[in-house]
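J.: Following this message is one structure expressed as structure tokens.
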Amino acid sequence: MGDSPDLDFISDLPQSIIESILTQLPIREAVRTSVLSSKWRYRWATITHLVFDEKCVTLSNDRDLVENKIVNFITRALFLHQGPIHKFQLSTSYLQSCPEIDQWILFLSRKDIKELVLELDETEWIRVPSCLFNCKKLTRLELFRCELDPPLTFKGFVCLKSLKLYQVFVASDAIESLISSCPLLESLTLSYIDSLTLNIRAPNLKYLCLEGEFKDICLENTPLLIAMSVAMYMTEDIAEHMEQSTSCNFIKFLGGVPHLERLIGRIYFTKYLSIGDNPARLPIKYSDLKIIELHQVSFEDMKEILVVLHLVTNSPNLTELRISSSSNTLAGMEATDLDFWEKDCPSHFLFERLKVVKMTEMSGVPHEMEFIKFLLENSPVLEVMSIVPCSFVTEGRLNMLIELVRFRRASAKAEILFIQR
């Protein structure tokens, strides 16, 4: 492309279209457009979205050399940049903690930054500089492997809508304060954050993902929550702390989320909800809850069974249910409270919209089979129920299948799929 006006059609496009084109290019290629012509020399320097990774430089086996190249490339790109920067993303395994990162964040805090993502080498942790908390226009913040310590003068990110923290070291009171001081927060992810006692106050929160060694969690003010995924890893200290709890974890966690539409409970989630006094009656109905997915449910623990029943029978519009079991076969076979299903289980409840049920890692213990029987008897529009036995159950599979086909089905078109792996 030369400077001839008859041939240089792209240069005459509106600036907004040129910026859109440059934004779609890798940053290295966008910078290279400066050699196309004199008109293009600094066109790249006004793009508002800057995404850096190891592809922005030539790689080699010398990690120190690559790291220096990346640092120099980013520093020069920021030095030559003109105008606001709305998005800055740095994702590379070659870059370790270095003083230049603090300088870049200070620079960005003066450039109306709205989206900031920092993900460095897996072996490196960085201490987030205090100037990050001067980025008042942030709408999205993602930090990986960082130490986060908001200054006492920090009043919150008033525009922040999405916050994701992965392997971030932060005190309980600091993260609680950070969350509650973001009034527009809609999406929150806390992953691999350990030993926190957490009260979440976020009146506009819609999406929640928690993963880590949490001692205690309370959703104190999250009335608009529509989707959540929770995985709770258990240590001996946390297990002991939980067992000493007298309050009802089910109510603390799910007692104030009336608009929930999708719930995914991963490892130890039902165990956590089962701790404390068992509520005879829930304070709310989950009228919008359509999909429930629960992992590693222990069907030899009656309190966990009650958690599952509370959830499904208080979700009148449930359409899909997925449960994986973690039952101890020997303990489950010795169940002594099977009369519960005749005496105390809500026999007149109907799952009027439940169409799909998937049960995995089933070992065929009595409470598992009674639960499946309960679903079949009370699901008039059920279309498919798939059963996947756990790998170590071999001799009992035929008996499990025979028992399944004998169960009464409320839905004439319900199909039972017994899937052997």
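Chain labels follow the order of the structure tokens: the first chain is A, the next B, and so on; residue numbering restarts at 1 in every chain, and ligands are counted from 1 in their shown order.
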Can you tell me, as a PyMOL selection string, what residues are no more than 8 Å from Ile419 of chain A when counting only C-alpha atoms, ignoring any on the same chain fewer than 2 positions away?

T.: chain A and resi 386-389+417+421

J.: With only C-alpha atoms as the counted atoms, please give the residues lying no more than 6 Å from segment 91-100 of chain A, apart from itself and same-chain residues fewer than 3 positions off, as number ranges by chain.

T.: A: 53-54, 67, 103, 119-121, 124, 126

J.: Hey, can you spit out that residue selection with N, CA and C atoms as a short mmCIF file (atom, residue, chain, number, x, y, z; two decimals), in the first residue's frame?

T.:
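Generated file (result.cif):
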```cif
data_model
loop_
_atom_site.label_atom_id
_atom_site.label_comp_id
_atom_site.auth_asym_id
_atom_site.auth_seq_id
_atom_site.Cartn_x
_atom_site.Cartn_y
_atom_site.Cartn_z
N ASP A 53 0.43 -10.77 25.00
CA ASP A 53 0.81 -12.13 25.39
C ASP A 53 2.20 -12.41 24.81
N GLU A 54 2.65 -13.67 24.91
CA GLU A 54 3.99 -13.98 24.43
C GLU A 54 4.12 -13.88 22.92
N GLU A 67 11.47 -12.53 28.28
CA GLU A 67 10.86 -11.65 29.27
C GLU A 67 11.26 -10.19 29.04
N GLN A 103 4.56 0.33 37.21
CA GLN A 103 4.57 1.52 36.37
C GLN A 103 3.47 1.47 35.33
N GLU A 119 -2.44 -11.84 34.18
CA GLU A 119 -2.17 -13.27 34.41
C GLU A 119 -0.74 -13.55 33.98
N LEU A 120 0.12 -13.83 34.96
CA LEU A 120 1.54 -14.03 34.69
C LEU A 120 1.94 -15.49 34.90
N ASP A 121 3.23 -15.73 34.98
CA ASP A 121 3.79 -17.06 35.16
C ASP A 121 3.16 -17.77 36.37
N GLU A 124 4.74 -17.41 39.76
CA GLU A 124 4.96 -16.06 40.26
C GLU A 124 3.70 -15.47 40.90
N ILE A 126 2.35 -11.66 42.34
CA ILE A 126 2.69 -10.24 42.34
C ILE A 126 1.83 -9.52 43.39
#
```

J.: As a ChimeraX atom specification, please: all residues of segment 196-416 of chain A that backbone DSSP puts in strand (DSSP E).

T.: /A:197-201,207-212,216-221,227-232,262-265,291-297,320-325,356-362,384-389,415-416

J.: For Ala227 of chain A, work out the shell of residues within 10 Å, counting only C-alpha atoms and skipping chain neighbours fewer than 4 positions away, then give it as number ranges by chain.

T.: A: 187, 205-209, 257, 259-264, 289, 291

J.: Write the selection just made, keeping N, CA, C and O atoms, as a PDB file, in the first residue's frame?

T.:
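What landed in out05.pdb:
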```pdb
ATOM      1  N   SER A 187     -21.144  -9.897  38.369  1.00  0.00           N
ATOM      2  CA  SER A 187     -20.506 -11.205  38.224  1.00  0.00           C
ATOM      3  C   SER A 187     -19.296 -11.283  39.142  1.00  0.00           C
ATOM      4  O   SER A 187     -18.433 -10.406  39.111  1.00  0.00           O
ATOM      5  N   LEU A 205     -25.749  -8.522  42.260  1.00  0.00           N
ATOM      6  CA  LEU A 205     -25.025  -9.701  41.790  1.00  0.00           C
ATOM      7  C   LEU A 205     -25.971 -10.692  41.105  1.00  0.00           C
ATOM      8  O   LEU A 205     -27.015 -11.039  41.647  1.00  0.00           O
ATOM      9  N   LYS A 206     -25.551 -11.160  39.904  1.00  0.00           N
ATOM     10  CA  LYS A 206     -26.356 -12.122  39.155  1.00  0.00           C
ATOM     11  C   LYS A 206     -25.644 -13.464  38.971  1.00  0.00           C
ATOM     12  O   LYS A 206     -26.299 -14.503  38.875  1.00  0.00           O
ATOM     13  N   TYR A 207     -24.301 -13.438  38.902  1.00  0.00           N
ATOM     14  CA  TYR A 207     -23.541 -14.651  38.627  1.00  0.00           C
ATOM     15  C   TYR A 207     -22.440 -14.808  39.673  1.00  0.00           C
ATOM     16  O   TYR A 207     -21.673 -13.883  39.917  1.00  0.00           O
ATOM     17  N   LEU A 208     -22.397 -15.989  40.297  1.00  0.00           N
ATOM     18  CA  LEU A 208     -21.446 -16.236  41.374  1.00  0.00           C
ATOM     19  C   LEU A 208     -20.751 -17.576  41.154  1.00  0.00           C
ATOM     20  O   LEU A 208     -21.403 -18.599  40.934  1.00  0.00           O
ATOM     21  N   CYS A 209     -19.412 -17.563  41.219  1.00  0.00           N
ATOM     22  CA  CYS A 209     -18.616 -18.786  41.132  1.00  0.00           C
ATOM     23  C   CYS A 209     -17.618 -18.788  42.273  1.00  0.00           C
ATOM     24  O   CYS A 209     -16.795 -17.881  42.389  1.00  0.00           O
ATOM     25  N   VAL A 257     -32.045 -16.181  47.930  1.00  0.00           N
ATOM     26  CA  VAL A 257     -31.801 -16.122  46.477  1.00  0.00           C
ATOM     27  C   VAL A 257     -33.057 -16.586  45.725  1.00  0.00           C
ATOM     28  O   VAL A 257     -33.038 -17.608  45.034  1.00  0.00           O
ATOM     29  N   HIS A 259     -34.519 -15.713  43.030  1.00  0.00           N
ATOM     30  CA  HIS A 259     -34.558 -15.682  41.564  1.00  0.00           C
ATOM     31  C   HIS A 259     -33.531 -16.607  40.920  1.00  0.00           C
ATOM     32  O   HIS A 259     -33.271 -16.509  39.720  1.00  0.00           O
ATOM     33  N   LEU A 260     -32.975 -17.507  41.693  1.00  0.00           N
ATOM     34  CA  LEU A 260     -31.972 -18.436  41.178  1.00  0.00           C
ATOM     35  C   LEU A 260     -32.553 -19.270  40.037  1.00  0.00           C
ATOM     36  O   LEU A 260     -33.651 -19.821  40.158  1.00  0.00           O
ATOM     37  N   GLU A 261     -31.788 -19.362  38.928  1.00  0.00           N
ATOM     38  CA  GLU A 261     -32.224 -20.128  37.764  1.00  0.00           C
ATOM     39  C   GLU A 261     -31.386 -21.378  37.534  1.00  0.00           C
ATOM     40  O   GLU A 261     -31.878 -22.372  37.005  1.00  0.00           O
ATOM     41  N   ARG A 262     -30.122 -21.317  37.910  1.00  0.00           N
ATOM     42  CA  ARG A 262     -29.225 -22.461  37.706  1.00  0.00           C
ATOM     43  C   ARG A 262     -28.318 -22.601  38.915  1.00  0.00           C
ATOM     44  O   ARG A 262     -27.706 -21.622  39.352  1.00  0.00           O
ATOM     45  N   LEU A 263     -28.221 -23.809  39.444  1.00  0.00           N
ATOM     46  CA  LEU A 263     -27.390 -24.077  40.616  1.00  0.00           C
ATOM     47  C   LEU A 263     -26.485 -25.264  40.329  1.00  0.00           C
ATOM     48  O   LEU A 263     -26.957 -26.351  39.980  1.00  0.00           O
ATOM     49  N   ILE A 264     -25.174 -25.049  40.471  1.00  0.00           N
ATOM     50  CA  ILE A 264     -24.197 -26.130  40.332  1.00  0.00           C
ATOM     51  C   ILE A 264     -23.448 -26.244  41.655  1.00  0.00           C
ATOM     52  O   ILE A 264     -22.750 -25.319  42.065  1.00  0.00           O
ATOM     53  N   LEU A 289     -35.891 -21.566  39.415  1.00  0.00           N
ATOM     54  CA  LEU A 289     -34.800 -22.541  39.324  1.00  0.00           C
ATOM     55  C   LEU A 289     -35.188 -23.679  38.378  1.00  0.00           C
ATOM     56  O   LEU A 289     -36.111 -24.435  38.646  1.00  0.00           O
ATOM     57  N   ILE A 291     -32.481 -25.581  36.517  1.00  0.00           N
ATOM     58  CA  ILE A 291     -31.419 -26.589  36.383  1.00  0.00           C
ATOM     59  C   ILE A 291     -30.672 -26.713  37.709  1.00  0.00           C
ATOM     60  O   ILE A 291     -30.182 -25.725  38.246  1.00  0.00           O
TER      61      ILE A 291
END
```

J.: Mind dumping a table of every segment 341-380 of chain A residue within 9 Å of segment 295-303 of chain A, with the nearest atom pair and its distance in Å to one decimal, using only C-alpha atoms, sorted by chain and rising number, as a Markdown table?

T.:
```
| residue | atom | partner | partner_atom | distance |
| --- | --- | --- | --- | --- |
| A:Glu361 | CA | A:Gln296 | CA | 8.5 |
| A:Val365 | CA | A:Phe299 | CA | 7.7 |
| A:Pro366 | CA | A:Phe299 | CA | 8.5 |
| A:His367 | CA | A:Phe299 | CA | 5.9 |
| A:Glu368 | CA | A:Phe299 | CA | 6.0 |
```

J.: Restricting the calculation to only C-alpha atoms: of A:Phe214, A:Trp341, A:Phe154, A:Trp44, which residue gets closest to Leu80 of chain A?

T.: A:Trp44

J.: Which is closest to Leu108 of chain A among A:Ile402, A:Val393, A:Val57, A:Leu50, if we use only C-alpha atoms?

T.: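 Checking each of A:Ile402, A:Val393, A:Val57, A:Leu50 against Leu108 of chain A, counting only C-alpha atoms, the winner is A:Leu50.
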
J.: Give me, please, the distance in Å between atom CA of Asp339 of chain A and atom CA of Pro279 of chain A, quoted to one decimal.

T.: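 Separating atom CA of Asp339 of chain A from atom CA of Pro279 of chain A is a distance of 19.9 Å.
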
J.: Just the residues within 9 Å of segment 358-360 of chain A, please, counting only C-alpha atoms, with nothing from its chain fewer than 4 positions along; format it as number ranges by chain.

T.: A: 320-325, 372, 384-390

J.: Calculated over only C-alpha atoms, which of the candidates A:Leu184, A:Leu350, A:Leu152, A:Ile193 has the smallest distance to Leu165 of chain A?

T.: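 Closest to Leu165 of chain A, using only C-alpha atoms: A:Ile193.
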
J.: List every residue of segment 129-266 of chain A that DSSP, applied to the backbone, labels as alpha helix (DSSP H), and write the result as a list in words.

T.: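 So, restricting segment 129-266 of chain A to alpha helix (DSSP H), we get Ser172, Asp173, Ala174, Ile175, Glu176, Ser177, Leu178, Ile179, Ser180, Glu236, Asp237, Ile238, Ala239, Glu240, His241, Met242, Glu243, Asn249, Phe250, Ile251, Lys252, Phe253 and Leu254 of chain A.
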
J.: Separation of atom CA of Leu225 of chain A and atom CA of Glu186 of chain A, in Å?

T.: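 We find that atom CA of Leu225 of chain A and atom CA of Glu186 of chain A lie 8.5 Å from each other.
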
J.: Calculate how many Å separate atom CA of Arg201 of chain A from atom CA of Glu176 of chain A, rounding to one decimal.

T.: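 Separating atom CA of Arg201 of chain A from atom CA of Glu176 of chain A is a distance of 7.6 Å.
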
J.: Could you check which of A:Leu338, A:Leu178, A:Leu375, A:Met369 is closest to Thr313 of chain A, using only C-alpha atoms?

T.: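 Between A:Leu338, A:Leu178, A:Leu375, A:Met369, the residue approaching Thr313 of chain A most closely is A:Leu375.
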
J.: Name all residues at most 10 Å from Leu106 of chain A (count only C-alpha atoms; drop same-chain ones fewer than 4 positions away) and give them as number ranges by chain.

T.: A: 100-102, 110-111, 129-135

J.: Fewer than 5 positions away in the same chain doesn't count, so skip those; otherwise give me all residues within 10 Å of Leu210 of chain A, counting only C-alpha atoms, as a short mmCIF file (atom, residue, chain, number, x, y, z; two decimals) with N, CA and C atoms, in the first residue's frame.

T.:
```
data_model
loop_
_atom_site.label_atom_id
_atom_site.label_comp_id
_atom_site.auth_asym_id
_atom_site.auth_seq_id
_atom_site.Cartn_x
_atom_site.Cartn_y
_atom_site.Cartn_z
N LEU A 165 -11.13 -13.24 40.75
CA LEU A 165 -9.88 -13.37 41.47
C LEU A 165 -9.49 -14.84 41.54
N LEU A 188 -19.24 -12.35 39.96
CA LEU A 188 -18.15 -12.51 40.93
C LEU A 188 -17.61 -13.93 40.86
N THR A 189 -16.29 -14.05 40.68
CA THR A 189 -15.61 -15.34 40.71
C THR A 189 -14.46 -15.28 41.70
N LEU A 190 -14.48 -16.18 42.67
CA LEU A 190 -13.39 -16.33 43.63
C LEU A 190 -12.91 -17.77 43.53
N SER A 191 -11.71 -17.98 43.00
CA SER A 191 -11.25 -19.33 42.72
C SER A 191 -9.92 -19.61 43.41
N TYR A 192 -9.85 -20.75 44.08
CA TYR A 192 -8.66 -21.17 44.81
C TYR A 192 -8.25 -20.12 45.84
N ILE A 193 -9.23 -19.61 46.53
CA ILE A 193 -8.98 -18.70 47.64
C ILE A 193 -9.29 -19.47 48.91
N ILE A 217 -19.60 -19.43 54.49
CA ILE A 217 -20.09 -18.49 53.48
C ILE A 217 -21.53 -18.11 53.82
N MET A 228 -25.26 -19.83 40.04
CA MET A 228 -24.10 -20.00 40.91
C MET A 228 -23.48 -21.37 40.74
N SER A 229 -22.15 -21.40 40.92
CA SER A 229 -21.39 -22.64 40.91
C SER A 229 -20.47 -22.60 42.11
N VAL A 230 -20.50 -23.66 42.94
CA VAL A 230 -19.76 -23.66 44.20
C VAL A 230 -19.02 -24.98 44.37
N ALA A 231 -17.71 -24.89 44.66
CA ALA A 231 -16.89 -26.05 45.02
C ALA A 231 -16.15 -25.71 46.30
N MET A 232 -16.30 -26.55 47.30
CA MET A 232 -15.70 -26.28 48.61
C MET A 232 -14.75 -27.42 48.97
N GLY A 265 -23.61 -27.34 42.33
CA GLY A 265 -22.92 -27.60 43.59
C GLY A 265 -21.90 -28.70 43.39
N ARG A 266 -20.64 -28.34 43.49
CA ARG A 266 -19.59 -29.33 43.24
C ARG A 266 -19.15 -29.97 44.55
#
```

J.: My list of candidates is A:Phe169, A:Trp125, A:Phe253, A:Tyr286. Which is closest to Ile226 of chain A when distances are computed with only C-alpha atoms?

T.: A:Tyr286
